[in-house]
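K.L.:
Sharing a structure here in structure tokens format.
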Amino acid sequence: MKRQRIGIFKLASCDGCQLAVLNLNEELFDLAELYDIAYFREALNRSPLKQYDIALVEGSVTTERQKKEIIEIRERARFLMTIGACATAGGIQALRNWANLAEFKRQVYPSPELISVLPTSTPVSEHVYIDYELWGCPVDAEALSETLVSLMVGRRPGIPIYSLCMDCKIKGIPCVLVSQGDPCLGPVTRAGCGALCPSFGRGCFGCFGPKEGANIDALMHRFEDLKMARKDAVLLMDKMNTYAYRRTRLEQDH
Ligand code: SF4
Ligand code: SF4
């Protein structure tokens with residue numbers, strides 16, 4: 001079987017998703033038998049090629065340069081897959097989309113005048129066509145490996161499409177929302193982490209983003225029953241997938 005060329009690119013991100021790829025350890029060597037890892041920003045000192053079979057993109061688009069970069073990556077890749085919350089949903093940096101950017105810069109940087117960014121941080125899908133997306137902060141390395149193997153053999157990847165609550169039920173984890181009255185985003189969030197937070201007795205805070213058809217409004221009402229202020233419920237979603245949760249809520253309002 002011919003090895004396909006893969007490029008792993010980075011836009012605005014913390015590199016955590018690329019590290020998740022490296023954390024595949026021995027499995028990475030197995031993948032290297034299927035794929036020629038021709039470019040890997042975090043791990044290899046190589047120049048970009050003209051063409052790739054597959055581009056994996058970490059990070060959101062937050063600068064003019066990245067806007068051009070993602071178009072170039074798209075033109076060079078037959079198949080483009082976003083990896084992680086930044087690339088798929090804008091990342092935590094999308095918090096600025098609803099804030100005062102100048103004020104954010106002033107609070108965070110000693111020399112804010114040196115920071116040149118777009119007013120918004122947006123997912124890759126807002127700029128180019130994407131073929132597949134993997135959620136998570138960071139992306140789940142096993143899901144990535146499963147997707148790459150599936151692509152090679154031409155089958156649908158075995159990635160869960162149900163909500164996180166299902167994982168709690170499968171694993172017999174007591175529900176923190178029901179038993180402790182703690183707010184949990186699990187009912188509206190994709191499975192993918194193995195219900196890590198609920199297994200430690202705390203609510204999910206949405207690393208894997210809103211699941212398709214998530215009824216955010218219904219969960220908000222449940223939070224109201226718990227005497228949680230609406231602004232706190234919104235804050236719970238205002239993290240690495242804020243853009244996706246807000247977009248889902250807006251869609252539901254129309
Ligand atoms: S999704 Fe999370 S881990 Fe991945 S690059 Fe963004 S902030 Fe880092
Ligand atoms: S703990 Fe959260 S994710 Fe688990 S079943 Fe309860 S609401 Fe769902």
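Note on naming: chains are A, B, ... as they come in the structure tokens, residues start from 1 per chain, ligands start from 1 in the order shown.
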Hey, could you make a per-residue contact list for chain A against ligand 2 with 9 Å as the cut-off, showing the nearest pair of atoms and its distance in Å to one decimal, counting only C-alpha atoms and all ligand atoms, sorted by chain and number, as JSON lines?

P.N.:
{"residue": "A:Ser163", "atom": "CA", "partner": "ligand 2", "partner_atom_place_in_ligand_line": "3 (S)", "distance": 7.6}
{"residue": "A:Leu164", "atom": "CA", "partner": "ligand 2", "partner_atom_place_in_ligand_line": "3 (S)", "distance": 4.8}
{"residue": "A:Cys165", "atom": "CA", "partner": "ligand 2", "partner_atom_place_in_ligand_line": "8 (Fe)", "distance": 3.4}
{"residue": "A:Met166", "atom": "CA", "partner": "ligand 2", "partner_atom_place_in_ligand_line": "5 (S)", "distance": 6.8}
{"residue": "A:Asp167", "atom": "CA", "partner": "ligand 2", "partner_atom_place_in_ligand_line": "4 (Fe)", "distance": 7.2}
{"residue": "A:Cys168", "atom": "CA", "partner": "ligand 2", "partner_atom_place_in_ligand_line": "4 (Fe)", "distance": 4.7}
{"residue": "A:Lys169", "atom": "CA", "partner": "ligand 2", "partner_atom_place_in_ligand_line": "5 (S)", "distance": 6.4}
{"residue": "A:Ile173", "atom": "CA", "partner": "ligand 2", "partner_atom_place_in_ligand_line": "4 (Fe)", "distance": 6.9}
{"residue": "A:Pro174", "atom": "CA", "partner": "ligand 2", "partner_atom_place_in_ligand_line": "1 (S)", "distance": 6.5}
{"residue": "A:Cys175", "atom": "CA", "partner": "ligand 2", "partner_atom_place_in_ligand_line": "6 (Fe)", "distance": 3.5}
{"residue": "A:Val176", "atom": "CA", "partner": "ligand 2", "partner_atom_place_in_ligand_line": "1 (S)", "distance": 4.4}
{"residue": "A:Leu177", "atom": "CA", "partner": "ligand 2", "partner_atom_place_in_ligand_line": "6 (Fe)", "distance": 5.0}
{"residue": "A:Val178", "atom": "CA", "partner": "ligand 2", "partner_atom_place_in_ligand_line": "6 (Fe)", "distance": 6.5}
{"residue": "A:Ser179", "atom": "CA", "partner": "ligand 2", "partner_atom_place_in_ligand_line": "6 (Fe)", "distance": 8.4}
{"residue": "A:Asp182", "atom": "CA", "partner": "ligand 2", "partner_atom_place_in_ligand_line": "1 (S)", "distance": 8.5}
{"residue": "A:Pro183", "atom": "CA", "partner": "ligand 2", "partner_atom_place_in_ligand_line": "7 (S)", "distance": 7.7}
{"residue": "A:Cys184", "atom": "CA", "partner": "ligand 2", "partner_atom_place_in_ligand_line": "2 (Fe)", "distance": 4.7}
{"residue": "A:Leu185", "atom": "CA", "partner": "ligand 2", "partner_atom_place_in_ligand_line": "2 (Fe)", "distance": 6.2}
{"residue": "A:Gly186", "atom": "CA", "partner": "ligand 2", "partner_atom_place_in_ligand_line": "3 (S)", "distance": 3.4}
{"residue": "A:Pro187", "atom": "CA", "partner": "ligand 2", "partner_atom_place_in_ligand_line": "8 (Fe)", "distance": 5.0}
{"residue": "A:Val188", "atom": "CA", "partner": "ligand 2", "partner_atom_place_in_ligand_line": "8 (Fe)", "distance": 8.5}
{"residue": "A:Thr189", "atom": "CA", "partner": "ligand 2", "partner_atom_place_in_ligand_line": "3 (S)", "distance": 8.0}
{"residue": "A:Ala191", "atom": "CA", "partner": "ligand 2", "partner_atom_place_in_ligand_line": "3 (S)", "distance": 8.6}
{"residue": "A:Ala195", "atom": "CA", "partner": "ligand 2", "partner_atom_place_in_ligand_line": "3 (S)", "distance": 6.6}
{"residue": "A:Cys197", "atom": "CA", "partner": "ligand 2", "partner_atom_place_in_ligand_line": "1 (S)", "distance": 8.1}
{"residue": "A:Pro198", "atom": "CA", "partner": "ligand 2", "partner_atom_place_in_ligand_line": "1 (S)", "distance": 4.9}
{"residue": "A:Ser199", "atom": "CA", "partner": "ligand 2", "partner_atom_place_in_ligand_line": "1 (S)", "distance": 8.0}
{"residue": "A:Gly201", "atom": "CA", "partner": "ligand 2", "partner_atom_place_in_ligand_line": "1 (S)", "distance": 7.7}
{"residue": "A:Arg202", "atom": "CA", "partner": "ligand 2", "partner_atom_place_in_ligand_line": "1 (S)", "distance": 7.3}
{"residue": "A:Gly203", "atom": "CA", "partner": "ligand 2", "partner_atom_place_in_ligand_line": "2 (Fe)", "distance": 5.5}
{"residue": "A:Cys204", "atom": "CA", "partner": "ligand 2", "partner_atom_place_in_ligand_line": "2 (Fe)", "distance": 5.9}

K.L.:
For the residues in that selection, give me C-alpha atoms as an mmCIF file, in the first residue's frame.

P.N.:
data_model
loop_
_atom_site.group_PDB
_atom_site.id
_atom_site.type_symbol
_atom_site.label_atom_id
_atom_site.label_comp_id
_atom_site.auth_asym_id
_atom_site.auth_seq_id
_atom_site.Cartn_x
_atom_site.Cartn_y
_atom_site.Cartn_z
ATOM 1 C CA SER A 163 -23.532 13.035 24.223
ATOM 2 C CA LEU A 164 -21.165 12.602 27.141
ATOM 3 C CA CYS A 165 -24.031 11.406 29.364
ATOM 4 C CA MET A 166 -24.009 8.147 27.426
ATOM 5 C CA ASP A 167 -20.408 7.490 28.508
ATOM 6 C CA CYS A 168 -21.397 8.033 32.148
ATOM 7 C CA LYS A 169 -24.186 5.477 31.751
ATOM 8 C CA ILE A 173 -20.474 6.870 36.758
ATOM 9 C CA PRO A 174 -22.932 8.562 39.175
ATOM 10 C CA CYS A 175 -24.463 11.672 37.595
ATOM 11 C CA VAL A 176 -23.119 14.804 39.317
ATOM 12 C CA LEU A 177 -26.084 16.836 38.035
ATOM 13 C CA VAL A 178 -28.638 14.508 39.607
ATOM 14 C CA SER A 179 -26.809 13.261 42.696
ATOM 15 C CA ASP A 182 -23.680 20.329 40.226
ATOM 16 C CA PRO A 183 -23.907 22.034 36.812
ATOM 17 C CA CYS A 184 -22.626 19.783 34.034
ATOM 18 C CA LEU A 185 -22.448 20.381 30.287
ATOM 19 C CA GLY A 186 -22.469 16.647 29.535
ATOM 20 C CA PRO A 187 -26.021 16.508 28.108
ATOM 21 C CA VAL A 188 -25.106 18.975 25.327
ATOM 22 C CA THR A 189 -21.473 17.945 24.828
ATOM 23 C CA ALA A 191 -18.471 12.263 24.072
ATOM 24 C CA ALA A 195 -16.277 11.165 30.933
ATOM 25 C CA CYS A 197 -14.528 15.012 34.840
ATOM 26 C CA PRO A 198 -17.685 13.174 35.985
ATOM 27 C CA SER A 199 -15.499 10.183 36.906
ATOM 28 C CA GLY A 201 -17.134 13.811 40.718
ATOM 29 C CA ARG A 202 -17.189 17.116 38.855
ATOM 30 C CA GLY A 203 -19.286 18.467 36.000
ATOM 31 C CA CYS A 204 -18.200 18.498 32.368
#

K.L.:
Give one line per residue of chain A that approaches ligand 1 to at most 12 Å, naming the two atoms of the closest pair and their distance in Å to one decimal, counting only C-alpha atoms and all ligand atoms; sort by chain then ascending residue number and deliver it as CSV.

P.N.:
residue,atom,partner,partner_atom_place_in_ligand_line,distance
A:Phe9,CA,ligand 1,5 (S),11.0
A:Lys10,CA,ligand 1,5 (S),8.3
A:Leu11,CA,ligand 1,5 (S),8.8
A:Ala12,CA,ligand 1,5 (S),7.6
A:Ser13,CA,ligand 1,5 (S),4.2
A:Cys14,CA,ligand 1,8 (Fe),4.1
A:Asp15,CA,ligand 1,5 (S),4.7
A:Gly16,CA,ligand 1,3 (S),3.7
A:Cys17,CA,ligand 1,4 (Fe),4.0
A:Gln18,CA,ligand 1,5 (S),7.3
A:Leu19,CA,ligand 1,3 (S),8.2
A:Ala20,CA,ligand 1,3 (S),8.0
A:Val21,CA,ligand 1,4 (Fe),10.5
A:Glu42,CA,ligand 1,5 (S),11.5
A:Val57,CA,ligand 1,5 (S),9.7
A:Glu58,CA,ligand 1,5 (S),5.9
A:Gly59,CA,ligand 1,5 (S),5.6
A:Ser60,CA,ligand 1,6 (Fe),7.9
A:Val61,CA,ligand 1,6 (Fe),11.5
A:Thr82,CA,ligand 1,1 (S),9.9
A:Ile83,CA,ligand 1,4 (Fe),7.3
A:Gly84,CA,ligand 1,1 (S),4.1
A:Ala85,CA,ligand 1,1 (S),3.9
A:Cys86,CA,ligand 1,6 (Fe),4.2
A:Ala87,CA,ligand 1,1 (S),7.0
A:Thr88,CA,ligand 1,1 (S),8.2
A:Ala89,CA,ligand 1,1 (S),8.7
A:Gly90,CA,ligand 1,6 (Fe),8.3
A:Gly91,CA,ligand 1,6 (Fe),5.6
A:Ile92,CA,ligand 1,7 (S),6.7
A:Gln93,CA,ligand 1,7 (S),8.5
A:Ala94,CA,ligand 1,6 (Fe),10.9
A:Ser121,CA,ligand 1,6 (Fe),11.8
A:Pro123,CA,ligand 1,6 (Fe),10.9
A:Glu133,CA,ligand 1,1 (S),11.9
A:Leu134,CA,ligand 1,1 (S),9.8
A:Trp135,CA,ligand 1,1 (S),7.7
A:Gly136,CA,ligand 1,1 (S),6.0
A:Cys137,CA,ligand 1,2 (Fe),3.6
A:Pro138,CA,ligand 1,3 (S),3.6
A:Val139,CA,ligand 1,4 (Fe),6.1
A:Asp140,CA,ligand 1,4 (Fe),9.6
A:Ala141,CA,ligand 1,4 (Fe),11.0
A:Gly206,CA,ligand 1,2 (Fe),11.5
A:Cys207,CA,ligand 1,2 (Fe),8.1
A:Phe208,CA,ligand 1,1 (S),9.2
A:Gly209,CA,ligand 1,1 (S),10.6
A:Lys239,CA,ligand 1,7 (S),9.8
A:Met240,CA,ligand 1,7 (S),6.8
A:Asn241,CA,ligand 1,1 (S),8.8
A:Thr242,CA,ligand 1,1 (S),11.9

K.L.:
Keeping C-alpha atoms, export the residues of the selection given above as a short mmCIF file (atom, residue, chain, number, x, y, z; two decimals), in the first residue's frame.

P.N.:
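Result written to again39.cif:
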data_model
loop_
_atom_site.label_atom_id
_atom_site.label_comp_id
_atom_site.auth_asym_id
_atom_site.auth_seq_id
_atom_site.Cartn_x
_atom_site.Cartn_y
_atom_site.Cartn_z
CA PHE A 9 0.15 22.46 10.59
CA LYS A 10 -0.33 25.02 13.33
CA LEU A 11 -2.23 28.30 13.40
CA ALA A 12 -3.14 30.13 16.67
CA SER A 13 -2.92 27.46 19.36
CA CYS A 14 -1.06 26.26 22.41
CA ASP A 15 0.49 23.24 20.59
CA GLY A 16 -1.38 20.87 22.91
CA CYS A 17 -3.04 19.01 20.04
CA GLN A 18 0.29 18.47 18.30
CA LEU A 19 1.62 17.18 21.61
CA ALA A 20 -1.35 14.79 21.77
CA VAL A 21 -0.15 13.41 18.42
CA GLU A 42 6.12 20.66 16.43
CA VAL A 57 -4.61 21.68 11.13
CA GLU A 58 -4.30 22.76 14.76
CA GLY A 59 -5.30 26.28 15.78
CA SER A 60 -7.74 29.02 14.89
CA VAL A 61 -7.43 31.89 12.42
CA THR A 82 -9.10 20.15 11.80
CA ILE A 83 -7.77 18.82 15.09
CA GLY A 84 -8.94 20.23 18.40
CA ALA A 85 -11.16 22.97 19.73
CA CYS A 86 -9.08 25.88 18.40
CA ALA A 87 -9.16 24.73 14.77
CA THR A 88 -12.70 23.36 14.95
CA ALA A 89 -14.40 26.03 17.06
CA GLY A 90 -12.09 29.05 17.40
CA GLY A 91 -10.57 28.06 20.75
CA ILE A 92 -10.42 29.99 23.99
CA GLN A 93 -9.05 32.92 21.99
CA ALA A 94 -12.57 33.31 20.50
CA SER A 121 -10.73 34.27 16.30
CA PRO A 123 -12.61 28.18 13.17
CA GLU A 133 -13.19 17.71 12.09
CA LEU A 134 -12.04 16.29 15.38
CA TRP A 135 -13.06 18.10 18.54
CA GLY A 136 -11.46 18.22 21.97
CA CYS A 137 -9.07 20.31 23.98
CA PRO A 138 -6.79 18.65 23.34
CA VAL A 139 -7.90 16.38 20.53
CA ASP A 140 -8.21 12.76 21.59
CA ALA A 141 -5.13 11.04 20.15
CA GLY A 206 -17.37 21.14 27.40
CA CYS A 207 -13.90 20.34 26.00
CA PHE A 208 -15.44 18.39 23.10
CA GLY A 209 -17.95 21.04 22.08
CA LYS A 239 -14.27 28.40 27.33
CA MET A 240 -12.42 26.63 24.54
CA ASN A 241 -15.61 25.99 22.52
CA THR A 242 -17.37 29.27 23.25
#

K.L.:
Ranking A:Arg190, A:Thr62, A:Glu72, A:Pro119 by minimum distance to Trp98 of chain A and counting only C-alpha atoms, which one comes first?

P.N.:
A:Pro119

K.L.:
In Å, rounded to a single decimal, give me how far atom CA of Phe223 of chain A is from atom CA of Gln180 of chain A.

P.N.:
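We find that atom CA of Gln180 of chain A and atom CA of Phe223 of chain A lie 12.7 Å from each other.
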
K.L.:
Pick out the residues sitting within 9 Å of Leu148 of chain A, and hand them over as a compact mmCIF listing (two decimals) with N, CA and C atoms, in the first residue's frame; count only C-alpha atoms, and ignore anything fewer than 2 positions along from it in its own chain.

P.N.:
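Ended up saving to part-v7.txt:
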# COMPACT_ATOMS: atom_id res chain seq x y z
N LEU A 31 1.58 4.32 12.75
CA LEU A 31 0.98 5.24 11.77
C LEU A 31 1.99 5.62 10.69
N LEU A 34 1.89 3.64 7.66
CA LEU A 34 0.80 3.94 6.72
C LEU A 34 1.00 5.30 6.06
N TYR A 35 1.55 6.23 6.85
CA TYR A 35 1.65 7.61 6.38
C TYR A 35 3.09 8.11 6.43
N ALA A 143 -8.73 8.93 18.96
CA ALA A 143 -9.72 9.25 17.91
C ALA A 143 -8.99 9.65 16.63
N LEU A 144 -7.89 10.37 16.79
CA LEU A 144 -7.12 10.79 15.62
C LEU A 144 -6.52 9.57 14.92
N SER A 145 -5.94 8.69 15.71
CA SER A 145 -5.33 7.49 15.15
C SER A 145 -6.40 6.64 14.44
N GLU A 146 -7.55 6.47 15.10
CA GLU A 146 -8.66 5.71 14.51
C GLU A 146 -9.10 6.34 13.18
N SER A 150 -8.83 4.64 9.53
CA SER A 150 -10.08 4.48 8.78
C SER A 150 -9.98 5.10 7.39
N LEU A 151 -9.33 6.27 7.34
CA LEU A 151 -9.17 6.94 6.04
C LEU A 151 -8.39 6.06 5.08
N MET A 152 -7.36 5.41 5.62
CA MET A 152 -6.49 4.60 4.79
C MET A 152 -7.23 3.38 4.24
N VAL A 153 -8.10 2.79 5.07
CA VAL A 153 -8.78 1.57 4.60
C VAL A 153 -10.18 1.86 4.04
N PRO A 157 -14.86 6.33 10.47
CA PRO A 157 -14.17 6.22 11.76
C PRO A 157 -15.15 5.92 12.90

K.L.:
Please report as JSON lines every residue of segment 116-142 of chain A lying within 10 Å of segment 99-106 of chain A, along with the nearest atom pair and their distance in Å (one decimal), using only C-alpha atoms.

P.N.:
{"residue": "A:Ser116", "atom": "CA", "partner": "A:Lys105", "partner_atom": "CA", "distance": 9.8}
{"residue": "A:Val117", "atom": "CA", "partner": "A:Leu101", "partner_atom": "CA", "distance": 9.3}
{"residue": "A:Leu118", "atom": "CA", "partner": "A:Leu101", "partner_atom": "CA", "distance": 9.3}
{"residue": "A:Pro119", "atom": "CA", "partner": "A:Leu101", "partner_atom": "CA", "distance": 6.7}
{"residue": "A:Thr120", "atom": "CA", "partner": "A:Leu101", "partner_atom": "CA", "distance": 8.6}

K.L.:
Write out as a PyMOL selection string all residues of segment 109-234 of chain A that backbone DSSP assigns to helix (DSSP H, G or I).

P.N.:
chain A and resi 112-114+124-126+141-153+164-171+176-179+186-188+196-199+216-225+230-234

K.L.:
What's the 7 Å shell around segment 74-79 of chain A, counting only C-alpha atoms, without same-chain residues fewer than 6 positions away, as an NGL selection string?

P.N.:
:A and (50-55 or 128 or 131)

K.L.:
Please produce an output containing C-alpha atoms for each residue in the selection, written as a compact mmCIF listing (two decimals), in the first residue's frame.

P.N.:
# COMPACT_ATOMS: atom_id res chain seq x y z
CA LYS A 50 3.83 21.58 -2.45
CA GLN A 51 1.23 18.81 -2.05
CA TYR A 52 -0.14 16.60 0.73
CA ASP A 53 -2.67 13.84 0.74
CA ILE A 54 -3.85 14.90 4.18
CA ALA A 55 -3.40 18.14 6.13
CA VAL A 128 -11.97 27.11 3.76
CA ASP A 131 -13.33 17.45 5.00

K.L.:
So how many Å separate atom CA of Leu56 of chain A and atom CA of Arg246 of chain A, to one decimal?

P.N.:
25.2 Å

K.L.:
So which residues of segment 11-242 of chain A fall under strand (DSSP E or B) by DSSP, listed as a short mmCIF file (atom, residue, chain, number, x, y, z; two decimals) with N, CA, C and O atoms, in the first residue's frame?

P.N.:
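Written out: part_25.cif:
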data_model
loop_
_atom_site.label_atom_id
_atom_site.label_comp_id
_atom_site.auth_asym_id
_atom_site.auth_seq_id
_atom_site.Cartn_x
_atom_site.Cartn_y
_atom_site.Cartn_z
N ALA A 12 -3.19 29.59 15.30
CA ALA A 12 -3.14 30.13 16.67
C ALA A 12 -3.57 29.04 17.65
O ALA A 12 -4.72 28.61 17.63
N TYR A 35 1.55 6.23 6.85
CA TYR A 35 1.65 7.61 6.38
C TYR A 35 3.09 8.11 6.43
O TYR A 35 3.82 7.82 7.38
N ASP A 36 3.44 8.88 5.43
CA ASP A 36 4.72 9.58 5.43
C ASP A 36 4.48 10.94 6.10
O ASP A 36 3.80 11.80 5.51
N ILE A 37 4.95 11.09 7.33
CA ILE A 37 4.73 12.36 8.03
C ILE A 37 5.74 13.37 7.48
O ILE A 37 6.88 13.47 7.93
N ALA A 38 5.31 14.08 6.44
CA ALA A 38 6.23 14.90 5.67
C ALA A 38 6.47 16.27 6.30
O ALA A 38 7.48 16.91 6.06
N TYR A 39 5.50 16.73 7.07
CA TYR A 39 5.66 18.03 7.73
C TYR A 39 4.95 17.97 9.06
O TYR A 39 3.81 17.54 9.15
N PHE A 40 5.67 18.37 10.11
CA PHE A 40 5.09 18.32 11.45
C PHE A 40 5.75 19.45 12.22
O PHE A 40 6.87 19.34 12.68
N TYR A 52 0.05 17.62 -0.32
CA TYR A 52 -0.14 16.60 0.73
C TYR A 52 -1.40 15.82 0.40
O TYR A 52 -2.33 16.35 -0.20
N ASP A 53 -1.42 14.58 0.83
CA ASP A 53 -2.67 13.84 0.74
C ASP A 53 -3.60 14.31 1.85
O ASP A 53 -4.79 14.49 1.63
N ILE A 54 -3.03 14.49 3.03
CA ILE A 54 -3.85 14.90 4.18
C ILE A 54 -3.15 16.04 4.93
O ILE A 54 -1.96 15.96 5.21
N ALA A 55 -3.92 17.09 5.24
CA ALA A 55 -3.40 18.14 6.13
C ALA A 55 -4.18 18.09 7.43
O ALA A 55 -5.42 18.08 7.41
N LEU A 56 -3.46 18.03 8.54
CA LEU A 56 -4.09 18.15 9.85
C LEU A 56 -3.79 19.57 10.32
O LEU A 56 -2.64 20.00 10.29
N VAL A 57 -4.82 20.28 10.73
CA VAL A 57 -4.61 21.68 11.13
C VAL A 57 -5.01 21.88 12.58
O VAL A 57 -6.15 21.60 12.96
N GLU A 58 -4.05 22.36 13.37
CA GLU A 58 -4.30 22.76 14.76
C GLU A 58 -4.38 24.29 14.79
O GLU A 58 -3.61 24.96 14.11
N SER A 60 -6.71 28.19 15.52
CA SER A 60 -7.74 29.02 14.89
C SER A 60 -7.09 30.10 14.02
O SER A 60 -5.87 30.29 14.05
N VAL A 61 -7.92 30.81 13.29
CA VAL A 61 -7.43 31.89 12.42
C VAL A 61 -7.60 33.20 13.18
O VAL A 61 -8.72 33.64 13.43
N ALA A 77 -3.67 20.53 -0.07
CA ALA A 77 -4.08 19.25 0.53
C ALA A 77 -5.31 18.67 -0.14
O ALA A 77 -6.27 19.39 -0.41
N ARG A 78 -5.27 17.38 -0.39
CA ARG A 78 -6.43 16.69 -0.96
C ARG A 78 -7.53 16.57 0.10
O ARG A 78 -8.70 16.63 -0.20
N PHE A 79 -7.13 16.36 1.34
CA PHE A 79 -8.08 16.14 2.45
C PHE A 79 -7.61 17.00 3.62
O PHE A 79 -6.44 16.96 3.99
N LEU A 80 -8.51 17.80 4.16
CA LEU A 80 -8.12 18.68 5.28
C LEU A 80 -8.95 18.36 6.51
O LEU A 80 -10.19 18.33 6.44
N MET A 81 -8.26 18.10 7.60
CA MET A 81 -8.97 17.77 8.84
C MET A 81 -8.50 18.72 9.95
O MET A 81 -7.30 18.93 10.14
N THR A 82 -9.47 19.31 10.66
CA THR A 82 -9.10 20.15 11.80
C THR A 82 -8.93 19.25 13.02
O THR A 82 -9.67 18.28 13.20
N ILE A 83 -7.95 19.59 13.86
CA ILE A 83 -7.77 18.82 15.09
C ILE A 83 -7.85 19.77 16.30
O ILE A 83 -7.09 20.70 16.43
N THR A 122 -11.50 32.70 14.61
CA THR A 122 -12.54 31.89 13.97
C THR A 122 -12.04 30.49 13.61
O THR A 122 -10.84 30.28 13.39
N TYR A 132 -13.11 17.02 7.37
CA TYR A 132 -13.44 16.28 8.60
C TYR A 132 -12.97 17.13 9.78
O TYR A 132 -12.04 17.93 9.64
N GLU A 133 -13.63 16.95 10.91
CA GLU A 133 -13.19 17.71 12.09
C GLU A 133 -13.16 16.79 13.31
O GLU A 133 -14.00 15.92 13.47
N LEU A 134 -12.14 17.01 14.12
CA LEU A 134 -12.04 16.29 15.38
C LEU A 134 -12.03 17.33 16.49
O LEU A 134 -11.23 18.27 16.46
N GLY A 136 -12.19 18.55 20.74
CA GLY A 136 -11.46 18.22 21.97
C GLY A 136 -10.37 19.21 22.27
O GLY A 136 -9.76 19.80 21.38
N VAL A 139 -7.29 17.45 21.32
CA VAL A 139 -7.90 16.38 20.53
C VAL A 139 -7.57 15.04 21.18
O VAL A 139 -6.52 14.89 21.82
N SER A 163 -23.95 12.07 23.20
CA SER A 163 -23.53 13.03 24.22
C SER A 163 -22.73 12.34 25.33
O SER A 163 -22.78 11.11 25.49
N THR A 189 -22.86 18.02 25.29
CA THR A 189 -21.47 17.94 24.83
C THR A 189 -21.18 16.59 24.20
O THR A 189 -21.69 15.56 24.64
N ARG A 190 -20.34 16.61 23.17
CA ARG A 190 -19.94 15.35 22.52
C ARG A 190 -19.15 14.48 23.47
O ARG A 190 -18.31 15.00 24.22
N PRO A 210 -20.28 21.33 21.50
CA PRO A 210 -21.69 20.93 21.47
C PRO A 210 -21.94 19.76 20.54
O PRO A 210 -21.44 19.76 19.42
#

K.L.:
Find the residue from A:Met237, A:Pro112, A:Asp232, A:Met220 that sits nearest to Phe205 of chain A; use only C-alpha atoms when measuring.

P.N.:
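Comparing A:Met237, A:Pro112, A:Asp232, A:Met220 against Phe205 of chain A, the winner is A:Met237.
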